[in-house]
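Text of the file run19.txt, holding compact mmCIF, C-alpha atoms:
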```txt
# COMPACT_ATOMS: atom_id res chain seq x y z
CA MET X 1 75.54 -25.19 -18.10
CA LYS X 2 77.07 -23.90 -21.32
CA GLN X 3 79.94 -26.34 -20.96
CA LEU X 4 77.47 -29.18 -20.47
CA VAL X 5 75.67 -28.31 -23.70
CA VAL X 6 78.95 -28.10 -25.59
CA ALA X 7 80.06 -31.45 -24.17
CA ALA X 8 76.77 -33.07 -25.16
CA ALA X 9 77.05 -31.63 -28.67
CA LEU X 10 80.60 -32.97 -29.03
CA LEU X 11 79.47 -36.41 -27.84
CA LEU X 12 76.59 -36.58 -30.30
CA ALA X 13 78.46 -35.14 -33.27
CA PRO X 14 80.09 -38.44 -34.39
CA VAL X 15 76.71 -40.16 -34.33
CA ALA X 16 75.29 -37.48 -36.58
CA VAL X 17 78.18 -37.90 -38.98
CA LEU X 18 77.84 -41.71 -39.03
CA ALA X 19 74.11 -41.65 -39.64
CA GLY X 20 74.48 -39.90 -42.99
CA GLU X 21 71.79 -40.02 -45.59
CA ALA X 22 72.92 -41.23 -48.96
CA THR X 23 71.11 -41.27 -52.25
CA SER X 24 71.56 -43.61 -55.18
CA ARG X 25 70.01 -43.85 -58.59
CA LEU X 26 69.42 -47.45 -59.52
CA HIS X 27 68.75 -48.45 -63.11
CA VAL X 28 66.61 -51.59 -63.23
CA THR X 29 65.97 -53.70 -66.33
CA GLY X 30 63.50 -56.47 -67.14
CA LEU X 31 60.38 -54.59 -66.01
CA THR X 32 58.24 -56.48 -68.50
CA CYS X 33 54.90 -56.33 -66.69
CA PRO X 34 52.63 -53.82 -64.91
CA SER X 35 53.54 -55.12 -61.45
CA CYS X 36 57.29 -55.46 -62.02
CA SER X 37 58.16 -51.96 -60.82
CA TYR X 38 56.15 -52.58 -57.63
CA ILE X 39 57.81 -55.97 -57.09
CA VAL X 40 61.24 -54.34 -57.32
CA ALA X 41 60.08 -51.51 -55.04
CA THR X 42 58.85 -54.01 -52.46
CA ALA X 43 62.20 -55.84 -52.56
CA LEU X 44 64.11 -52.55 -52.21
CA LYS X 45 62.01 -51.31 -49.30
CA ARG X 46 62.80 -54.51 -47.44
CA VAL X 47 66.42 -53.33 -47.23
CA GLU X 48 66.83 -51.49 -43.94
CA THR X 49 66.46 -47.66 -44.04
CA VAL X 50 65.78 -47.60 -47.79
CA GLU X 51 63.12 -45.23 -49.06
CA ILE X 52 62.08 -44.73 -52.65
CA ALA X 53 62.04 -41.02 -53.39
CA GLU X 54 61.12 -41.32 -57.03
CA PHE X 55 60.57 -43.81 -59.82
CA VAL X 56 60.92 -42.91 -63.47
CA GLU X 57 59.66 -45.49 -65.93
CA GLY X 58 61.81 -46.01 -69.02
CA GLU X 59 60.74 -46.88 -72.51
CA ALA X 60 62.70 -50.11 -72.86
CA GLU X 61 61.12 -52.16 -70.05
CA ASP X 62 63.41 -50.44 -67.59
CA GLY X 63 63.18 -47.85 -64.86
CA LEU X 64 65.19 -45.57 -62.63
CA TYR X 65 64.74 -45.59 -58.86
CA LEU X 66 65.98 -42.68 -56.78
CA LEU X 67 66.72 -44.19 -53.38
CA ARG X 68 67.52 -42.65 -50.00
CA TYR X 69 69.14 -44.71 -47.27
CA ASP X 70 71.45 -44.55 -44.31
CA ASP X 71 74.89 -45.46 -45.61
CA ALA X 72 75.96 -46.47 -42.12
CA VAL X 73 73.41 -49.27 -42.27
CA THR X 74 73.39 -50.32 -45.91
CA ASP X 75 75.20 -49.67 -49.16
CA ALA X 76 74.59 -49.66 -52.89
CA GLU X 77 75.71 -53.27 -53.25
CA ALA X 78 72.91 -54.37 -50.93
CA LEU X 79 70.43 -52.46 -53.09
CA ILE X 80 71.63 -54.20 -56.25
CA ALA X 81 71.55 -57.56 -54.48
CA ALA X 82 67.93 -56.96 -53.41
CA VAL X 83 66.88 -56.34 -57.02
CA THR X 84 68.86 -59.18 -58.59
CA GLY X 85 67.52 -61.45 -55.86
CA VAL X 86 64.05 -61.21 -57.37
CA GLY X 87 65.22 -61.78 -60.92
CA TYR X 88 65.73 -58.30 -62.35
CA GLY X 89 68.87 -56.56 -63.58
CA ALA X 90 70.22 -53.60 -61.63
CA THR X 91 73.13 -51.20 -62.02
CA LEU X 92 73.99 -47.92 -60.39
CA ALA X 93 73.25 -44.99 -62.67
CA PRO X 94 76.38 -42.98 -63.59
CA ASP X 95 75.53 -39.92 -61.51
CA SER X 96 74.59 -42.01 -58.51
CA GLY X 97 75.72 -41.64 -54.94
CA SER X 98 76.25 -38.78 -52.53
CA MET W 99 31.91 -114.67 -65.97
CA THR W 100 28.24 -114.80 -66.85
CA SER W 101 26.39 -112.46 -69.13
CA ASP W 102 24.49 -111.18 -66.06
CA THR W 103 27.74 -110.16 -64.43
CA ILE W 104 28.81 -108.38 -67.56
CA SER W 105 25.54 -106.50 -67.76
CA GLU W 106 25.98 -105.43 -64.11
CA GLN W 107 29.35 -103.85 -64.86
CA HIS W 108 29.09 -100.11 -64.69
CA GLU W 109 29.26 -98.31 -67.98
CA ALA W 110 29.53 -94.57 -68.00
CA THR W 111 26.25 -92.97 -68.95
CA PRO W 112 26.23 -89.97 -71.30
CA GLU W 113 25.42 -87.84 -68.27
CA GLU W 114 28.49 -89.10 -66.41
CA ARG W 115 30.70 -88.55 -69.44
CA VAL W 116 29.45 -84.99 -69.72
CA ASP W 117 30.04 -84.55 -65.99
CA LYS W 118 33.66 -85.65 -66.39
CA SER W 119 34.26 -83.26 -69.25
CA GLY W 120 32.67 -80.50 -67.16
CA TRP W 121 35.13 -81.19 -64.34
CA ALA W 122 37.99 -81.30 -66.84
CA ALA W 123 36.91 -77.90 -68.14
CA THR W 124 36.66 -76.60 -64.57
CA GLY W 125 40.19 -77.84 -63.83
CA ALA W 126 41.48 -76.29 -67.05
CA GLY W 127 39.73 -73.03 -66.17
CA LEU W 128 41.35 -73.01 -62.74
CA LEU W 129 44.76 -73.69 -64.29
CA GLY W 130 44.12 -70.90 -66.78
CA ALA W 131 43.24 -68.53 -63.95
CA LEU W 132 46.44 -69.52 -62.14
CA ALA W 133 48.42 -68.90 -65.33
CA MET W 134 46.76 -65.49 -65.67
CA THR W 135 47.83 -64.53 -62.13
CA SER W 136 51.35 -65.90 -62.56
CA CYS W 137 51.95 -62.53 -64.04
CA CYS W 138 51.46 -60.27 -62.32
CA ILE W 139 49.44 -60.74 -59.14
CA LEU W 140 51.07 -63.92 -57.85
CA PRO W 141 54.69 -62.65 -57.92
CA LEU W 142 53.64 -59.43 -56.20
CA VAL W 143 51.85 -61.37 -53.47
CA LEU W 144 54.84 -63.68 -53.03
CA VAL W 145 57.31 -60.80 -52.74
CA SER W 146 54.99 -59.00 -50.31
CA LEU W 147 55.01 -62.16 -48.18
CA GLY W 148 58.80 -62.11 -48.09
CA VAL W 149 59.50 -64.69 -50.79
CA THR W 150 62.50 -63.92 -52.96
CA GLY W 151 64.14 -65.73 -55.83
CA VAL W 152 65.07 -65.30 -59.45
CA PHE W 153 61.91 -67.20 -60.40
CA ILE W 154 59.89 -64.08 -59.50
CA GLY W 155 61.36 -62.24 -62.48
CA GLN W 156 60.88 -65.29 -64.67
CA LEU W 157 57.20 -65.53 -63.71
CA THR W 158 56.60 -61.91 -64.66
CA ALA W 159 58.18 -62.57 -68.06
CA LEU W 160 55.04 -64.64 -68.79
CA TYR W 161 53.20 -61.34 -69.27
CA ALA W 162 54.14 -61.52 -72.95
CA TYR W 163 51.88 -64.58 -73.26
CA LYS W 164 48.93 -63.00 -71.49
CA TRP W 165 46.53 -63.30 -74.42
CA VAL W 166 47.46 -66.93 -75.03
CA THR W 167 46.71 -67.88 -71.42
CA PHE W 168 43.56 -65.74 -71.49
CA SER W 169 42.29 -67.48 -74.63
CA LEU W 170 42.83 -70.93 -73.12
CA ALA W 171 41.26 -69.90 -69.81
CA ALA W 172 38.27 -68.29 -71.54
CA ALA W 173 37.64 -71.37 -73.69
CA ALA W 174 37.85 -73.70 -70.68
CA LEU W 175 35.64 -71.46 -68.56
CA GLY W 176 33.09 -71.07 -71.35
CA TYR W 177 32.79 -74.83 -71.78
CA GLY W 178 32.78 -75.33 -68.00
CA PHE W 179 29.96 -72.81 -67.48
CA TRP W 180 27.95 -74.43 -70.26
CA GLN W 181 28.34 -77.81 -68.57
CA ALA W 182 27.55 -76.42 -65.13
CA TYR W 183 24.43 -74.49 -66.13
CA ARG W 184 23.02 -76.38 -69.11
CA PRO W 185 19.54 -77.83 -68.61
CA VAL W 186 19.33 -81.51 -67.73
CA PRO W 187 18.52 -83.48 -70.93
CA ALA W 188 14.90 -84.71 -71.09
CA GLU W 189 16.01 -88.34 -71.49
CA GLY W 190 17.83 -88.01 -68.18
CA CYS W 191 14.45 -87.58 -66.50
CA ALA W 192 12.68 -90.34 -68.38
CA THR W 193 12.38 -92.48 -65.26
CA GLY W 194 10.99 -89.58 -63.26
CA ILE W 195 14.32 -89.01 -61.46
CA CYS W 196 16.54 -86.45 -63.10
CA ALA W 197 20.19 -87.49 -63.33
CA ARG W 198 21.58 -84.20 -62.12
CA PRO W 199 25.18 -84.33 -60.90
CA VAL W 200 25.08 -83.86 -57.13
CA ASP W 201 28.15 -81.63 -56.92
CA ARG W 202 27.31 -79.13 -59.62
CA GLY W 203 27.26 -76.47 -56.94
CA LEU W 204 30.96 -77.01 -56.24
CA MET W 205 31.72 -76.90 -59.96
CA ARG W 206 29.82 -73.63 -60.30
CA GLY W 207 31.59 -72.13 -57.30
CA LEU W 208 35.01 -73.04 -58.67
CA LEU W 209 34.12 -71.68 -62.10
CA TRP W 210 32.91 -68.37 -60.68
CA GLY W 211 36.07 -68.12 -58.57
CA ALA W 212 38.24 -68.81 -61.61
CA LEU W 213 36.29 -66.25 -63.68
CA ALA W 214 36.71 -63.60 -60.98
CA THR W 215 40.44 -64.33 -60.84
CA VAL W 216 40.79 -64.05 -64.61
CA LEU W 217 38.87 -60.75 -64.68
CA LEU W 218 41.00 -59.41 -61.82
CA ALA W 219 44.16 -60.40 -63.69
CA LEU W 220 42.88 -58.62 -66.81
CA ALA W 221 42.00 -55.46 -64.89
CA PHE W 222 45.20 -55.49 -62.81
CA PRO W 223 47.31 -53.27 -65.13
CA TYR W 224 44.65 -50.55 -64.83
CA LEU W 225 44.03 -51.03 -61.10
CA ALA W 226 47.67 -51.29 -60.03
CA PRO W 227 48.56 -47.57 -60.27
CA LEU W 228 45.42 -46.74 -58.27
CA VAL W 229 46.00 -49.13 -55.38
CA LEU W 230 49.77 -49.66 -55.25
CA THR W 231 52.38 -47.17 -54.15
CA PHE W 232 56.17 -47.11 -54.26
```

Show me the file's structure as structure tokens.
Amino acid sequence: MKQLVVAAALLLAPVAVLAGEATSRLHVTGLTCPSCSYIVATALKRVETVEIAEFVEGEAEDGLYLLRYDDAVTDAEALIAAVTGVGYGATLAPDSGS
Amino acid sequence: MTSDTISEQHEATPEERVDKSGWAATGAGLLGALAMTSCCILPLVLVSLGVTGVFIGQLTALYAYKWVTFSLAAAALGYGFWQAYRPVPAEGCATGICARPVDRGLMRGLLWGALATVLLALAFPYLAPLVLTF
């Protein structure tokens, strides 16, 4: 029985490693209106596995999104593409990624 | 062409001219309401429906001109409401049949819809944080 449990754990271990949670901080510009941050959020949440953990509004019509996602499914480039696809500027914040 | 034929040709009565300007004001009010929603309700609805495109960001840039579009919409709606609800002139009833435009109800409905849209667009910045989440 013990061997069976160990074998099962060894089989599942790679899956657990692959399905790693990553975080990114995305700096978005051009948030000129009250709904802009929600529009960007809606576009980001359409990317598979992406969740918005936090949004910090800037003072220069910009904002910082703290995003969590499965890096086996998506990557930071897809996040930037989702934002630029709806007409806003996006760059990864310097201390982004995990 | 005889003088009788000429006299039978339809000339717009003052009532009809006023009716046309009322419809023009209603159309302008509707366009103003659409311009008011172009930032920020319309882009949000479009993105929620799955529409993407750089034009979304360009639409929201119109927010800077909010008070210009509001002024135009308010002027058009004000004139439209005056036309839609003003009393029928006494001379229009001189024959005993009042020349009331038959589709004033539609005009009034459109004007009220446009007014509600404009008010919603004005209140949106204050309502958004209450009803929308990240």

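Among W:Ala122, W:Val166, W:Ala172, W:Ile154, the residue with the shortest atom-to-atom distance to Val86 in chain X, counting all atoms listed in the file, is W:Ile154.
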
Option closest in space to chain X, from W:Gln181, W:Thr215, W:Thr135, W:Thr231 [counting only C-alpha atoms] =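 Closest candidate: W:Thr231.
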
Dump as a Markdown table the rows for residues of chain W within 8 Å of chain X: closest atom pair and distance in Å with one decimal, all atoms listed in the file counted, ordered by chain and rising residue number.
```
| residue | atom | partner | partner_atom | distance |
| --- | --- | --- | --- | --- |
| W:Cys137 | CA | X:Cys33 | CA | 7.4 |
| W:Cys138 | CA | X:Ser35 | CA | 5.6 |
| W:Ile139 | CA | X:Ser35 | CA | 7.3 |
| W:Pro141 | CA | X:Ile39 | CA | 7.4 |
| W:Leu142 | CA | X:Ile39 | CA | 5.5 |
| W:Val145 | CA | X:Ile39 | CA | 6.5 |
| W:Ser146 | CA | X:Thr42 | CA | 6.7 |
| W:Thr150 | CA | X:Val86 | CA | 5.4 |
| W:Gly151 | CA | X:Val86 | CA | 4.8 |
| W:Val152 | CA | X:Gly87 | CA | 3.8 |
| W:Phe153 | CA | X:Gly87 | CA | 6.4 |
| W:Ile154 | CA | X:Val86 | CA | 5.5 |
| W:Gly155 | CA | X:Gly87 | CA | 4.2 |
| W:Gln156 | CA | X:Gly87 | CA | 6.7 |
| W:Thr158 | CA | X:Cys33 | CA | 6.2 |
| W:Ala159 | CA | X:Thr32 | CA | 6.1 |
| W:Tyr161 | CA | X:Cys33 | CA | 5.9 |
| W:Ala162 | CA | X:Thr32 | CA | 7.9 |
| W:Phe222 | CA | X:Pro34 | CA | 7.9 |
| W:Pro223 | CA | X:Pro34 | CA | 5.4 |
| W:Ala226 | CA | X:Ser35 | CA | 7.2 |
| W:Leu230 | CA | X:Tyr38 | CA | 7.4 |
| W:Thr231 | CA | X:Tyr38 | CA | 7.5 |
| W:Phe232 | CA | X:Ala41 | CA | 5.9 |
```

task = Considering only C-alpha atoms, return as a list in words whatever protein or nucleic-acid residues lie within 10 Å of Ala76 in chain X, sequence-local ones (same chain, fewer than 3 positions apart) excluded.
result =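 Selected residues are Ala22, Thr23, Ser24, Arg25, Leu26, Leu67, Tyr69, Asp71, Leu79, Ile80, Ala81, Ala82, Thr91, Leu92, Ser96 and Gly97 of chain X.
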
inquiry  = Using Å and a single decimal, report how far CA of Gly63 in chain X sits from CA of Val229 in chain W.
reply    =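 Computing the Euclidean distance for CA of Val229 in chain W and CA of Gly63 in chain X yields 19.7 Å.
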
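With all atoms listed in the file as the atoms that count, the minimum distance from Ala123 in chain W to the choices W:Gly178, W:Leu147, W:Phe168, W:Leu204 is reached by W:Gly178.
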
ask   = Suppose you want the space between CA of Arg202 in chain W and CA of Phe179 in chain W; what is it in Å?
value =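 Value for the CA of Arg202 in chain W-CA of Phe179 in chain W distance: 10.4 Å.
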
key: For CA of Gly148 in chain W and CA of Leu128 in chain W, the interatomic separation in Å (one decimal)   =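 CA of Leu128 in chain W lies at a distance of 25.3 Å from CA of Gly148 in chain W.
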
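Shortest atom-to-atom contact with Gly207 in chain W among W:Leu220, W:Thr124, W:Trp180, W:Met134: W:Thr124, counting only C-alpha atoms.
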
ask   = Counting all atoms listed in the file, what is within 10 Å of Ala182 in chain W, bar same-chain residues fewer than 5 positions away, as a count of residues only?
value = 17
